[in-house]
Amino acid sequence: MFESLDATLLARFQFAFTVSFHIIFPAFSIGLASYLAVLEGLWLWTKNEVYFALFNFWKTIFALAFGMGVVSGIVMSYQFGTNWSVFSDKAGPVIGPLMGYEVLTAFFLEAGFLGIMLFGLNRVGPKLHFFATLMVAVGTLISATWILAANSWMQTPAGFSVNDAGQFVPVDWWAVIFNPSFPYRLVHMVLAAYLTTAFVVGGVGAFHLLRGDAPKRARKMFSMAMWMAAIVAPIQIFAGDMHGLNTLEHQPAKVMAMEGHYQSHPDGAPLILFGIPNSAEQRVDYAVEIPKLSSLILKHDLNAPLAGLDTVPRELHPPVGIVFWAFRIMVGIGFGMLGLGLWSLWCRWRGTLGENRWLHRAAVVMGPAGFVAVLAGWVTTEVGRQPYTVYGHLLTSQSVAPIAAPAVATSLIAFIVVYFLIFGAGTFYILRLMGRLPRDPMPDLGEGPIRSAGITPAPAIATKPGSQHHGA
């Protein structure tokens, strides 16, 4: 049944499917680990029990997301040996050590201190427990650093030579790690993780505000999330612009696909807002565009010339339609995040941040937006790199293992069924936990009897033995 299918395309789709499940968990856990460190630090500093309650609430959710991220990541690594063994052989001398460094310096750090963070407060004391929480947060950031170093090297390879066996061999590890796109990609991804977590936290806080649950805790988490959205969203847009300029320098074909520029524009290129890319005719149908704005954004000059895909051989074009729309989804969500952050600042200034129900509804709707933006950004980056696995040096068609299409198709179907069952159940359970914010503690009533509302205590009437009480 699968004989007519292309094994390379199936292998690519399988890796895309598994990494799409995987990437949402690290994107969430990176930001959530830092949020937990902030919550515990504020609790130790202010002794405000609301921070401690929120720490305990999100700690359980972090543990589940971390576990699902680990499991989904292991599955991905096996595919390097099954579907992409040729890539592993050729790029292994560079990629292998970077993945090993991630395990040694990051995963062991996270896993080693995770147990203390989850269960050790009453055993090690608050200061050492806070140190463990910080180490988990630092571990997630180090993990992102190594993974992005490996991925960035595939996008902008540097510091290597090719030996007689056709393998990429590192000659300068500093150049390998700090390759031209690595700093931009690291900043962009970490900020994306923080925004993803902020909008999840904000969405959960807004949900409980709308339901009237635990108003102190819900207000606090919502306020903290909106501060993050208002501050980080504009920084992320600036970082994304810098990343785009770096991509234009080192991967111009990817930017051409993102912009939908099939043809060169010698006198200033338009910014195409929407349209339907038509690769057969090398044009964007029904384009809605703003003249010369793309040249202004990319070259800071309205009349700056921009090359198009007509300067690139057709066989080296990335899939324009996918890259074009994935990029617009990512950018659109980014500006939506900025808009919600600015709206929250306006409500904060007016003193209605905790009462504006339309803001709360918008925050609930935007709760999963970070995950969608991360996935859209990943698609833009990885599909835009095609037809290469190591940009400019190793084609995807030269990287796939000598496997038959039926074998890849069978494992792909198995992955789809198992992933939706296991990770679907895990995600459902996380959502259930998010919907059960513990109630605020009752106020301290002090010592003495508790009297029901509406009953005014009358003075006690002393009676003597033999006396009679007269009254109705």
# chains A, B, ... in the order shown; residues from 1 in each chain; ligands from 1
$ residues_around --residues "Tyr419 in chain A" --least-positions-apart "5" --cutoff "12 Å" --atoms "only C-alpha atoms" --output "PyMOL selection string"
chain A and resi 14+17-22+68+71-72+75+411-414+424-427
$ write_last_selection --atoms "all heavy atoms" --output "tab-separated table (two decimals), in the first residue's frame"
chain	number	residue	atom	x	y	z
A	14	GLN	N	7.85	12.21	9.51
A	14	GLN	CA	7.92	11.56	10.81
A	14	GLN	C	8.73	12.39	11.80
A	14	GLN	O	8.33	12.57	12.95
A	14	GLN	CB	8.53	10.17	10.68
A	14	GLN	CG	8.54	9.38	11.98
A	14	GLN	CD	9.11	7.99	11.79
A	14	GLN	OE1	10.17	7.67	12.32
A	14	GLN	NE2	8.43	7.16	11.02
A	17	PHE	N	6.71	15.43	12.75
A	17	PHE	CA	5.62	15.10	13.67
A	17	PHE	C	6.13	14.93	15.09
A	17	PHE	O	5.58	15.50	16.05
A	17	PHE	CB	4.92	13.83	13.20
A	17	PHE	CG	3.84	13.35	14.12
A	17	PHE	CD1	2.59	13.94	14.12
A	17	PHE	CD2	4.08	12.32	15.02
A	17	PHE	CE1	1.60	13.51	14.98
A	17	PHE	CE2	3.10	11.87	15.88
A	17	PHE	CZ	1.85	12.48	15.86
A	18	THR	N	7.21	14.17	15.26
A	18	THR	CA	7.72	13.91	16.60
A	18	THR	C	8.33	15.16	17.23
A	18	THR	O	8.15	15.41	18.43
A	18	THR	CB	8.76	12.78	16.58
A	18	THR	OG1	9.78	13.08	15.62
A	18	THR	CG2	8.11	11.46	16.22
A	19	VAL	N	9.04	15.97	16.44
A	19	VAL	CA	9.64	17.17	17.00
A	19	VAL	C	8.57	18.22	17.32
A	19	VAL	O	8.74	19.03	18.24
A	19	VAL	CB	10.72	17.75	16.07
A	19	VAL	CG1	10.11	18.52	14.91
A	19	VAL	CG2	11.69	18.64	16.84
A	20	SER	N	7.46	18.21	16.59
A	20	SER	CA	6.38	19.15	16.90
A	20	SER	C	5.78	18.85	18.26
A	20	SER	O	5.44	19.77	19.02
A	20	SER	CB	5.30	19.08	15.82
A	20	SER	OG	5.80	19.51	14.58
A	21	PHE	N	5.63	17.57	18.60
A	21	PHE	CA	5.18	17.21	19.94
A	21	PHE	C	6.23	17.58	20.98
A	21	PHE	O	5.91	18.05	22.07
A	21	PHE	CB	4.86	15.72	20.02
A	21	PHE	CG	3.42	15.39	19.75
A	21	PHE	CD1	2.98	15.20	18.44
A	21	PHE	CD2	2.51	15.27	20.78
A	21	PHE	CE1	1.65	14.90	18.19
A	21	PHE	CE2	1.20	14.98	20.53
A	21	PHE	CZ	0.75	14.79	19.23
A	22	HIS	N	7.50	17.31	20.63
A	22	HIS	CA	8.56	17.51	21.62
A	22	HIS	C	8.78	18.99	21.94
A	22	HIS	O	8.92	19.35	23.12
A	22	HIS	CB	9.86	16.90	21.11
A	22	HIS	CG	11.05	17.24	21.94
A	22	HIS	ND1	11.23	16.74	23.22
A	22	HIS	CD2	12.13	18.05	21.69
A	22	HIS	CE1	12.36	17.21	23.73
A	22	HIS	NE2	12.91	18.01	22.83
A	68	MET	N	7.27	14.65	30.07
A	68	MET	CA	6.84	14.41	28.69
A	68	MET	C	7.86	14.93	27.69
A	68	MET	O	8.06	14.34	26.62
A	68	MET	CB	5.47	15.04	28.45
A	68	MET	CG	4.35	14.30	29.17
A	68	MET	SD	2.69	14.78	28.61
A	68	MET	CE	2.54	16.36	29.42
A	71	VAL	N	10.68	12.19	27.50
A	71	VAL	CA	10.27	11.00	26.75
A	71	VAL	C	10.20	11.29	25.25
A	71	VAL	O	10.72	10.52	24.43
A	71	VAL	CB	8.91	10.49	27.27
A	71	VAL	CG1	8.39	9.37	26.38
A	71	VAL	CG2	9.04	10.01	28.71
A	72	SER	N	9.61	12.41	24.88
A	72	SER	CA	9.49	12.73	23.45
A	72	SER	C	10.85	13.04	22.84
A	72	SER	O	11.07	12.79	21.66
A	72	SER	CB	8.53	13.91	23.26
A	72	SER	OG	8.97	15.05	23.98
A	75	VAL	N	12.73	9.72	21.84
A	75	VAL	CA	12.24	9.16	20.58
A	75	VAL	C	12.89	9.85	19.39
A	75	VAL	O	13.27	9.20	18.41
A	75	VAL	CB	10.71	9.28	20.53
A	75	VAL	CG1	10.19	8.87	19.16
A	75	VAL	CG2	10.06	8.44	21.62
A	411	SER	N	5.98	2.82	10.85
A	411	SER	CA	6.41	3.43	12.11
A	411	SER	C	5.77	4.80	12.31
A	411	SER	O	5.46	5.20	13.44
A	411	SER	CB	7.93	3.55	12.15
A	411	SER	OG	8.41	4.36	11.08
A	412	LEU	N	5.54	5.53	11.21
A	412	LEU	CA	4.87	6.83	11.32
A	412	LEU	C	3.46	6.67	11.86
A	412	LEU	O	3.02	7.42	12.74
A	412	LEU	CB	4.87	7.52	9.96
A	412	LEU	CG	4.07	8.83	9.86
A	412	LEU	CD1	4.60	9.86	10.84
A	412	LEU	CD2	4.10	9.38	8.43
A	413	ILE	N	2.72	5.71	11.33
A	413	ILE	CA	1.35	5.48	11.82
A	413	ILE	C	1.38	5.08	13.29
A	413	ILE	O	0.54	5.55	14.09
A	413	ILE	CB	0.67	4.39	10.97
A	413	ILE	CG1	0.45	4.90	9.54
A	413	ILE	CG2	-0.66	3.97	11.59
A	413	ILE	CD1	-0.05	3.85	8.58
A	414	ALA	N	2.34	4.25	13.65
A	414	ALA	CA	2.45	3.86	15.07
A	414	ALA	C	2.74	5.07	15.94
A	414	ALA	O	2.16	5.21	17.04
A	414	ALA	CB	3.55	2.81	15.22
A	424	GLY	N	-1.62	12.98	24.48
A	424	GLY	CA	-2.96	13.55	24.60
A	424	GLY	C	-3.49	13.39	26.02
A	424	GLY	O	-4.06	14.33	26.60
A	425	ALA	N	-3.29	12.20	26.60
A	425	ALA	CA	-3.72	11.97	27.98
A	425	ALA	C	-2.94	12.85	28.95
A	425	ALA	O	-3.51	13.42	29.89
A	425	ALA	CB	-3.55	10.49	28.34
A	426	GLY	N	-1.62	12.97	28.73
A	426	GLY	CA	-0.81	13.81	29.60
A	426	GLY	C	-1.22	15.27	29.53
A	426	GLY	O	-1.31	15.96	30.55
A	427	THR	N	-1.46	15.75	28.32
A	427	THR	CA	-1.89	17.14	28.15
A	427	THR	C	-3.25	17.37	28.79
A	427	THR	O	-3.48	18.41	29.43
A	427	THR	CB	-1.92	17.50	26.65
A	427	THR	OG1	-0.63	17.28	26.08
A	427	THR	CG2	-2.32	18.95	26.46
$ closest_residue --among "A:Phe207, A:Gly125, A:Tyr184, A:Ala192" --to "Arg361 in chain A" --atoms "only C-alpha atoms"
A:Phe207
$ residues_around --residues "Glu102 in chain A" --least-positions-apart "3" --cutoff "6 Å" --atoms "only C-alpha atoms" --output "MDAnalysis selection string"
chainID A and resid 99 105:106 143 146
$ select_by_dssp --residues "range 134-228 of chain A" --states "alpha helix (DSSP H)" --output "JSON, numbers by chain"
{"A": [134, 135, 136, 137, 138, 139, 140, 141, 142, 143, 144, 145, 146, 147, 148, 149, 150, 151, 152, 153, 154, 155, 173, 174, 175, 176, 177, 182, 183, 184, 185, 186, 187, 188, 189, 190, 191, 192, 193, 194, 195, 196, 197, 198, 199, 200, 201, 202, 203, 204, 205, 206, 207, 208, 209, 210, 211, 215, 216, 217, 218, 219, 220, 221, 222, 223, 224, 225, 226, 227, 228]}
$ closest_residue --among "A:Asn163, A:Leu148, A:Gln398, A:Ile142" --to "Phe178 in chain A" --atoms "only C-alpha atoms"
A:Leu148
$ residues_around --residues "range 232-238 of chain A" --least-positions-apart "6" --cutoff "9 Å" --atoms "only C-alpha atoms" --output "PyMOL selection string"
chain A and resi 187-188+191-192+194-195+331+334-335+337-339+341
$ write_last_selection --atoms "N, CA, C and O atoms" --output "JSON list (two decimals), in the first residue's frame"
[["chain", "number", "residue", "atom", "x", "y", "z"],
["A", 187, "VAL", "N", 18.68, 33.79, 21.65],
["A", 187, "VAL", "CA", 17.88, 34.85, 22.26],
["A", 187, "VAL", "C", 16.42, 34.74, 21.83],
["A", 187, "VAL", "O", 15.48, 34.83, 22.65],
["A", 188, "HIS", "N", 16.21, 34.51, 20.54],
["A", 188, "HIS", "CA", 14.85, 34.43, 20.01],
["A", 188, "HIS", "C", 14.09, 33.26, 20.63],
["A", 188, "HIS", "O", 12.90, 33.39, 20.99],
["A", 191, "LEU", "N", 13.42, 33.84, 24.58],
["A", 191, "LEU", "CA", 12.33, 34.80, 24.75],
["A", 191, "LEU", "C", 10.99, 34.19, 24.35],
["A", 191, "LEU", "O", 9.96, 34.45, 24.99],
["A", 192, "ALA", "N", 11.00, 33.36, 23.30],
["A", 192, "ALA", "CA", 9.76, 32.68, 22.90],
["A", 192, "ALA", "C", 9.28, 31.75, 24.00],
["A", 192, "ALA", "O", 8.07, 31.65, 24.26],
["A", 194, "TYR", "N", 9.83, 32.13, 27.25],
["A", 194, "TYR", "CA", 9.30, 32.96, 28.33],
["A", 194, "TYR", "C", 7.90, 33.49, 27.98],
["A", 194, "TYR", "O", 7.01, 33.52, 28.83],
["A", 195, "LEU", "N", 7.72, 33.90, 26.73],
["A", 195, "LEU", "CA", 6.40, 34.39, 26.33],
["A", 195, "LEU", "C", 5.37, 33.27, 26.33],
["A", 195, "LEU", "O", 4.22, 33.46, 26.72],
["A", 331, "VAL", "N", 4.52, 35.82, 13.07],
["A", 331, "VAL", "CA", 4.56, 37.27, 13.23],
["A", 331, "VAL", "C", 3.21, 37.80, 13.72],
["A", 331, "VAL", "O", 3.15, 38.67, 14.60],
["A", 334, "GLY", "N", 2.88, 37.16, 17.32],
["A", 334, "GLY", "CA", 3.77, 38.05, 18.05],
["A", 334, "GLY", "C", 3.17, 39.43, 18.25],
["A", 334, "GLY", "O", 3.24, 39.98, 19.37],
["A", 335, "PHE", "N", 2.56, 39.98, 17.22],
["A", 335, "PHE", "CA", 1.92, 41.28, 17.37],
["A", 335, "PHE", "C", 0.65, 41.19, 18.21],
["A", 335, "PHE", "O", 0.29, 42.14, 18.91],
["A", 337, "MET", "N", 0.40, 39.20, 20.80],
["A", 337, "MET", "CA", 0.94, 39.22, 22.16],
["A", 337, "MET", "C", 1.29, 40.64, 22.59],
["A", 337, "MET", "O", 1.03, 41.04, 23.73],
["A", 338, "LEU", "N", 1.90, 41.39, 21.68],
["A", 338, "LEU", "CA", 2.23, 42.78, 21.99],
["A", 338, "LEU", "C", 0.96, 43.57, 22.29],
["A", 338, "LEU", "O", 0.92, 44.35, 23.25],
["A", 339, "GLY", "N", -0.08, 43.36, 21.49],
["A", 339, "GLY", "CA", -1.33, 44.08, 21.71],
["A", 339, "GLY", "C", -1.94, 43.76, 23.06],
["A", 339, "GLY", "O", -2.43, 44.67, 23.77],
["A", 341, "GLY", "N", -0.33, 42.71, 25.72],
["A", 341, "GLY", "CA", 0.52, 43.31, 26.74],
["A", 341, "GLY", "C", 0.25, 44.80, 26.91],
["A", 341, "GLY", "O", 0.18, 45.30, 28.04]]
$ residues_around --residues "Gly268 in chain A" --least-positions-apart "4" --cutoff "9 Å" --atoms "only C-alpha atoms" --output "PyMOL selection string"
chain A and resi 291-296+301-306
$ atom_distance --atom1 "CA of Leu345 in chain A" --atom2 "CA of Met434 in chain A"
24.9 Å
$ select_by_dssp --residues "range 130-369 of chain A" --states "strand (DSSP E or B)" --output "list in words"
Phe160, Ser161, Val162, Phe168, Val169, Pro170, His265, Leu271, Ile272, Leu273, Phe274, Gly275, Ile276, Pro277, Asn278, Arg283, Val284, Asp285, Tyr286, Ala287, Val288, Glu289, Ile290 and Leu306 of chain A
$ residues_around --residues "Lys127 in chain A" --least-positions-apart "6" --cutoff "10 Å" --atoms "only C-alpha atoms" --output "ChimeraX atom specification"
/A:40-41,44,121,133
$ closest_residue --among "A:Pro93, A:Gly260, A:Pro126, A:Gly139" --to "Ser34 in chain A" --atoms "only C-alpha atoms"
A:Gly139
$ residues_around --residues "Phe107 in chain A" --least-positions-apart "6" --cutoff "12 Å" --atoms "only C-alpha atoms" --output "MDAnalysis selection string"
chainID A and resid 26 66:67 69:70 73 99:101 113:114 135:147
$ closest_residue --among "A:Val204, A:Ile24, A:Ile276, A:Ala11" --to "Phe423 in chain A" --atoms "only C-alpha atoms"
A:Ile24
$ atom_distance --atom1 "CA of His261 in chain A" --atom2 "CA of Met154 in chain A"
24.1 Å
